[in-house]
Each structure stands twice: as structure tokens, then as C-alpha cells.
Amino acid sequence: MVENRTDVAVFIDFENIYISVHNRHDADPNFEYVMDKCAEYGRITIARAYADWYRYPRVTSALYAHGIEPMYVPTYYYERDKPHSASAIKNSVDIHLCIDAIKTLYGYPSIGSYVLVTGDRDFIPAVNTIRQYGKWVVVIGVGGAASSHLAQSADEFVLYEHLMDKEVKEVKEAPGDIYEALVEAIDLARQRDNISTMATLKLLMMETLGGFDEKDYRDSEGKPFGKFKDFVREAERRDLVQIFTSGTVHEVFLQDEDPYALSHFVSEVVSEEEEPAGGIGPREWRIFREMMRQFDEPVRFVQIYNALRGLRNTEVIDLSNAEIRELIKSGIREGLLIRTTRGAHGFYQLDRGHPLPSGG
């Protein structure tokens, strides 16, 4: 939370929060709890909710009661020759809200904290712009409906469910091992058909733990985590998960999984059934042996796979994904690689005295 209390501006994407709360909790949003949270950041000088109020005629009185000004935004237009037929105006609420937020940024320099009540990822550019002017940006969204990327872009993300205190029973207590909660978050992401990116997993951990901040925990050396990625790396060192990077995207998988088969961002998906495409000869075996010598300790199959793909990217070898996989599997079958296990996971190390297969 922002350290110095300042003037606060609150902007509510009403339809987004209304639909999200109804879908997730079968109830109307409670704006008393929302405004109580906003007041923690300082004196609320602007509080506005944006919607086509002809669609929600009974809500405006409740908004006024909590100091929120309803801002009418038409979301449909009618053509003169078709008075009974309406067409939707796309993103009209988002545009009006963003314009007001930016006008406030320039017109009211005393406002130091901005609260956006929404889960719509379309507001990420607005959040980034406000933060660039040195303002503290808070996003309040509904668990399971809010964009994880929007949550990550803000200075602080607050789950609507956590504002409800004891009224919400869906929030689970934190398990004894905080790293096991990360594993549970991966499972939950899959249940919801979400991609297990860093941003998604942090949001899910905030939801399931009733409040999670990686800065509250320390790594194996006793240092507090500075970023969520550092927390995930510590879990990887504990052999619970593995981080898989494709381009600029970081996905998190369980330790014994094959990221190339599960990743949403790999164009060439490798499967166990792929047949080798040929091309593995003495030169490839010699390169393979030299590459394996760089590992001082046993490593996982996927680590060997990644190292060989790296050699292909630098044009040291010219093998397909299927050939790379077959090269490793042949090395295991021929005894060139020694397998050891840690729990349920297999690790491999070069047998430095073993001759190369196929005359290599």
C-alpha cells in the first residue's frame, strides 16, 4: 500500500464488476466494502461509476448513498429509420472512463492514488500511463474474472473477495508449505483453462490463500523475495516446478512434465511418439558428448533437450525436434547416459568412459 495518504480518485467499470460478481457469487456487488477499502489510501475526492444506467435503473441510488457519482454512458445507438433496432457501441464505457482518468491526472495534481474497479485488461495502457506520472494505481477485481496481466500492471491488486471478510467462504486458508500452494495454483489454472504464466499464478495464489505477497517470504538463504519470479525460481530449486521460457513468456509446469508437449507458445510440439527423421551420425554424437560434459551434476531430460535446441539455434547442429529427442533417448538406451532418480523424477549424467554409439 502507498505509504503517504493522499487524495484518491476512484473509477468503477460498473458493468464489468457487476457481471463478474454475479457470475462468481450470484450477488450484487457491495460498494460499501469497495469504498471502505478506497478510503484506506486517503481522502476520496472523486468517485465515479460508468454504465448505461437505463439498463441498471435501481442501482444509482445505492451508488449515491456511498458517495459514488453515476456517469451515464450510452452503450447502444438507434438509427432514425430503425427506431426499434439497437446496435451496440463498442468499448464506450472503457473510453469514457479512460478519458476521465487522464483528464483527472492533468487537472488534479493533488490526487496521488487512483483506484480502478475492473478486471478488464483493456485498461492496462491507462494504468501504465497513470503510473508513469508517479501516481499509485490500485486495481480491485473479482477472482477468476480479473485479467492477471491487468493485476500485474498495477502497483497493488486487491481481490474483491478479500473485502468481504468473513462473508466469503471460498477463500482457503494457506497450506503449511507455501511452495505447495504454487503447485495447487498450477492445478487450479488448468481447471479454469488458464495458461500458467507468472501473472496468472500469482493472482490465483492471492485468491486461494486469502492474501499472498511473495515479499512476506524468504528464500533458502534467508533473503526476502523481491519479485514473484524469484519465488517461483526458489520452488524450481526445490524440484517442485520448472520454468519454461518461450520468447518473452514464462510458463510454469510441474517438475516431471514435458513443457514442449504442454506449452501454449511452442509452435513445434514434441511428443513421445514422434519418429526420428534421420541425420544422427558420428559428428552429432561427438557434439552431444561435449555438450553433456558441461553438466557437473545430473540434469533432467528437458534440460538436455533445451541445451541441444540451443546448439541448433546457433547452427552447431542441424537436427529436428524429433531427432534431438531420439538422440537423447538413444544415449540412454546405449548406456552413454546414466539415470538416477530423486523421488519420482529422473536425472541423467554422462558416463565419461562409455564409447560413443554408431561409430562416433
# chains A, B, ... in the order shown; residues from 1 in each chain; ligands from 1

call {"tool": "closest_atom_pairs", "arguments": {"of": "range 83-200 of chain A", "to": "range 237-246 of chain A", "cutoff": "9 Å", "atoms": "only C-alpha atoms", "output": "tab-separated table"}}
result
residue	atom	partner	partner_atom	distance
A:Tyr179	CA	A:Leu240	CA	7.7
A:Glu180	CA	A:Leu240	CA	7.9
A:Leu182	CA	A:Val241	CA	8.5
A:Val183	CA	A:Val241	CA	7.3

call {"tool": "write_last_selection", "arguments": {"atoms": "C-alpha atoms", "output": "tab-separated table (two decimals), in the first residue's frame"}}
result
chain	number	residue	atom	x	y	z
A	179	TYR	CA	5.50	-23.75	-2.26
A	180	GLU	CA	2.84	-26.46	-2.37
A	182	LEU	CA	2.14	-22.77	-6.06
A	183	VAL	CA	1.61	-26.35	-7.25

call {"tool": "select_by_dssp", "arguments": {"residues": "range 62-238 of chain A", "states": "strand (DSSP E)", "output": "number ranges by chain"}}
result
A: 69-72, 76-79, 82-88, 111-117, 136-141, 156-159

call {"tool": "write_last_selection", "arguments": {"atoms": "N, CA and C atoms", "output": "CSV table (one decimal), in the first residue's frame"}}
result
chain,number,residue,atom,x,y,z
A,69,GLU,N,-20.6,8.8,-7.9
A,69,GLU,CA,-21.4,9.6,-8.9
A,69,GLU,C,-21.6,8.7,-10.1
A,70,PRO,N,-22.8,8.4,-10.5
A,70,PRO,CA,-23.1,7.6,-11.7
A,70,PRO,C,-22.8,8.4,-12.9
A,71,MET,N,-22.0,7.9,-13.8
A,71,MET,CA,-21.7,8.6,-15.1
A,71,MET,C,-22.4,7.9,-16.2
A,72,TYR,N,-23.4,8.5,-16.9
A,72,TYR,CA,-24.1,7.9,-17.9
A,72,TYR,C,-23.3,7.8,-19.2
A,76,TYR,N,-25.7,1.8,-26.6
A,76,TYR,CA,-26.4,1.4,-27.8
A,76,TYR,C,-26.8,2.7,-28.5
A,77,TYR,N,-26.9,2.6,-29.8
A,77,TYR,CA,-27.5,3.7,-30.6
A,77,TYR,C,-28.6,3.2,-31.5
A,78,TYR,N,-29.5,4.1,-31.9
A,78,TYR,CA,-30.7,3.7,-32.7
A,78,TYR,C,-30.7,4.6,-34.0
A,79,GLU,N,-30.8,3.9,-35.1
A,79,GLU,CA,-30.9,4.6,-36.3
A,79,GLU,C,-32.3,5.2,-36.5
A,82,LYS,N,-34.8,3.0,-38.1
A,82,LYS,CA,-35.0,1.7,-37.4
A,82,LYS,C,-35.1,2.0,-35.9
A,83,PRO,N,-36.2,2.6,-35.5
A,83,PRO,CA,-36.3,3.0,-34.1
A,83,PRO,C,-36.4,1.9,-33.1
A,84,HIS,N,-36.7,0.7,-33.5
A,84,HIS,CA,-36.9,-0.4,-32.6
A,84,HIS,C,-35.7,-1.4,-32.7
A,85,SER,N,-34.7,-1.0,-33.4
A,85,SER,CA,-33.5,-1.8,-33.6
A,85,SER,C,-32.3,-1.1,-33.0
A,86,ALA,N,-31.6,-1.7,-32.1
A,86,ALA,CA,-30.4,-1.0,-31.4
A,86,ALA,C,-29.1,-1.8,-31.8
A,87,SER,N,-28.0,-1.0,-31.9
A,87,SER,CA,-26.7,-1.5,-32.2
A,87,SER,C,-25.8,-1.2,-31.1
A,88,ALA,N,-24.9,-2.1,-30.7
A,88,ALA,CA,-24.0,-1.8,-29.6
A,88,ALA,C,-22.9,-0.9,-30.0
A,111,ILE,N,-4.1,14.7,-6.5
A,111,ILE,CA,-4.6,13.3,-6.4
A,111,ILE,C,-3.4,12.4,-6.6
A,112,GLY,N,-3.0,11.6,-5.6
A,112,GLY,CA,-1.8,10.7,-5.7
A,112,GLY,C,-2.1,9.3,-5.9
A,113,SER,N,-3.4,8.9,-5.6
A,113,SER,CA,-3.7,7.4,-5.7
A,113,SER,C,-5.0,7.3,-6.6
A,114,TYR,N,-4.9,6.3,-7.5
A,114,TYR,CA,-6.0,6.0,-8.4
A,114,TYR,C,-6.4,4.6,-8.2
A,115,VAL,N,-7.7,4.4,-8.0
A,115,VAL,CA,-8.3,3.1,-7.8
A,115,VAL,C,-9.2,2.8,-9.0
A,116,LEU,N,-8.9,1.7,-9.7
A,116,LEU,CA,-9.7,1.3,-10.8
A,116,LEU,C,-10.4,0.0,-10.4
A,117,VAL,N,-11.7,0.0,-10.4
A,117,VAL,CA,-12.5,-1.2,-10.0
A,117,VAL,C,-13.0,-1.9,-11.3
A,136,TRP,N,0.1,6.3,-7.6
A,136,TRP,CA,-0.1,4.9,-7.1
A,136,TRP,C,-1.4,4.4,-7.7
A,137,VAL,N,-1.3,3.3,-8.3
A,137,VAL,CA,-2.5,2.7,-9.0
A,137,VAL,C,-2.9,1.4,-8.4
A,138,VAL,N,-4.1,1.3,-7.9
A,138,VAL,CA,-4.7,0.1,-7.3
A,138,VAL,C,-5.8,-0.4,-8.2
A,139,VAL,N,-5.8,-1.7,-8.4
A,139,VAL,CA,-6.9,-2.3,-9.2
A,139,VAL,C,-7.7,-3.2,-8.2
A,140,ILE,N,-9.0,-3.1,-8.2
A,140,ILE,CA,-9.8,-4.0,-7.5
A,140,ILE,C,-10.6,-4.9,-8.5
A,141,GLY,N,-10.5,-6.2,-8.4
A,141,GLY,CA,-11.1,-7.1,-9.3
A,141,GLY,C,-11.6,-8.3,-8.7
A,156,GLU,N,-0.7,-2.2,-7.0
A,156,GLU,CA,-1.4,-3.1,-6.0
A,156,GLU,C,-2.6,-3.7,-6.6
A,157,PHE,N,-2.9,-5.0,-6.4
A,157,PHE,CA,-4.1,-5.6,-6.8
A,157,PHE,C,-4.8,-6.1,-5.6
A,158,VAL,N,-6.1,-5.8,-5.5
A,158,VAL,CA,-6.9,-6.2,-4.4
A,158,VAL,C,-8.1,-7.1,-4.9
A,159,LEU,N,-8.2,-8.3,-4.4
A,159,LEU,CA,-9.4,-9.1,-4.7
A,159,LEU,C,-10.6,-8.7,-4.1

call {"tool": "atom_distance", "arguments": {"atom1": "CA of Val34 in chain A", "atom2": "CA of Thr60 in chain A"}}
result
15.6 Å

call {"tool": "closest_residue", "arguments": {"among": "A:Asp219, A:Glu161, A:Asp296, A:Asp122", "to": "Tyr33 in chain A", "atoms": "only C-alpha atoms"}}
result
A:Glu161

call {"tool": "closest_residue", "arguments": {"among": "A:Asn128, A:Gln349, A:Asn30, A:Thr104", "to": "Ala47 in chain A", "atoms": "only C-alpha atoms"}}
result
A:Thr104

call {"tool": "atom_distance", "arguments": {"atom1": "CA of Met35 in chain A", "atom2": "CA of His66 in chain A"}}
result
7.2 Å

call {"tool": "closest_residue", "arguments": {"among": "A:Ile95, A:Leu319, A:Ala185, A:Cys38", "to": "Tyr160 in chain A", "atoms": "only C-alpha atoms"}}
result
A:Cys38

call {"tool": "residues_around", "arguments": {"residues": "Lys215 in chain A", "least_positions_apart": "2", "cutoff": "8 Å", "atoms": "only C-alpha atoms", "output": "ChimeraX atom specification"}}
result
/A:213,217-218,224-227

call {"tool": "closest_residue", "arguments": {"among": "A:His264, A:His96, A:Arg48, A:Arg190", "to": "Pro74 in chain A", "atoms": "only C-alpha atoms"}}
result
A:His96

call {"tool": "select_by_dssp", "arguments": {"residues": "range 37-214 of chain A", "states": "alpha helix (DSSP H)", "output": "PyMOL selection string"}}
result
chain A and resi 37-39+60-65+92-107+124-132+148-153+178-191+198-209

call {"tool": "atom_distance", "arguments": {"atom1": "CA of Ala126 in chain A", "atom2": "CA of Val8 in chain A"}}
result
16.2 Å

call {"tool": "residues_around", "arguments": {"residues": "range 129-133 of chain A", "least_positions_apart": "6", "cutoff": "9 Å", "atoms": "only C-alpha atoms", "output": "number ranges by chain"}}
result
A: 101-102, 105, 114, 154-155

call {"tool": "closest_residue", "arguments": {"among": "A:Ile178, A:Leu262, A:Ala189, A:Val299", "to": "Thr341 in chain A", "atoms": "only C-alpha atoms"}}
result
A:Val299

call {"tool": "decode", "arguments": {"residues": "range 218-249 of chain A", "atoms": "C-alpha atoms", "output": "short mmCIF file (atom, residue, chain, number, x, y, z; two decimals), in the first residue's frame"}}
result
data_model
loop_
_atom_site.label_atom_id
_atom_site.label_comp_id
_atom_site.auth_asym_id
_atom_site.auth_seq_id
_atom_site.Cartn_x
_atom_site.Cartn_y
_atom_site.Cartn_z
CA ARG A 218 12.36 -15.72 2.26
CA ASP A 219 14.46 -17.99 0.08
CA SER A 220 16.75 -20.79 1.25
CA GLU A 221 19.46 -18.21 2.02
CA GLY A 222 17.16 -16.13 4.19
CA LYS A 223 16.71 -13.29 1.68
CA PRO A 224 13.20 -11.88 1.10
CA PHE A 225 11.84 -12.34 -2.40
CA GLY A 226 11.89 -9.16 -4.45
CA LYS A 227 9.69 -10.48 -7.27
CA PHE A 228 7.25 -13.30 -7.79
CA LYS A 229 9.61 -14.79 -10.37
CA ASP A 230 12.24 -15.15 -7.62
CA PHE A 231 9.70 -17.06 -5.54
CA VAL A 232 8.97 -19.43 -8.45
CA ARG A 233 12.69 -19.94 -9.06
CA GLU A 234 13.08 -21.00 -5.44
CA ALA A 235 10.27 -23.53 -5.94
CA GLU A 236 12.14 -24.76 -9.03
CA ARG A 237 15.31 -25.22 -6.97
CA ARG A 238 13.23 -27.33 -4.58
CA ASP A 239 12.28 -29.60 -7.53
CA LEU A 240 8.57 -28.73 -7.32
CA VAL A 241 8.13 -26.85 -10.60
CA GLN A 242 10.02 -25.85 -13.72
CA ILE A 243 10.05 -22.52 -15.54
CA PHE A 244 9.72 -22.73 -19.31
CA THR A 245 10.51 -19.67 -21.42
CA SER A 246 9.27 -19.20 -24.96
CA GLY A 247 10.13 -15.79 -26.36
CA THR A 248 9.17 -13.31 -23.64
CA VAL A 249 6.59 -15.58 -22.00
#
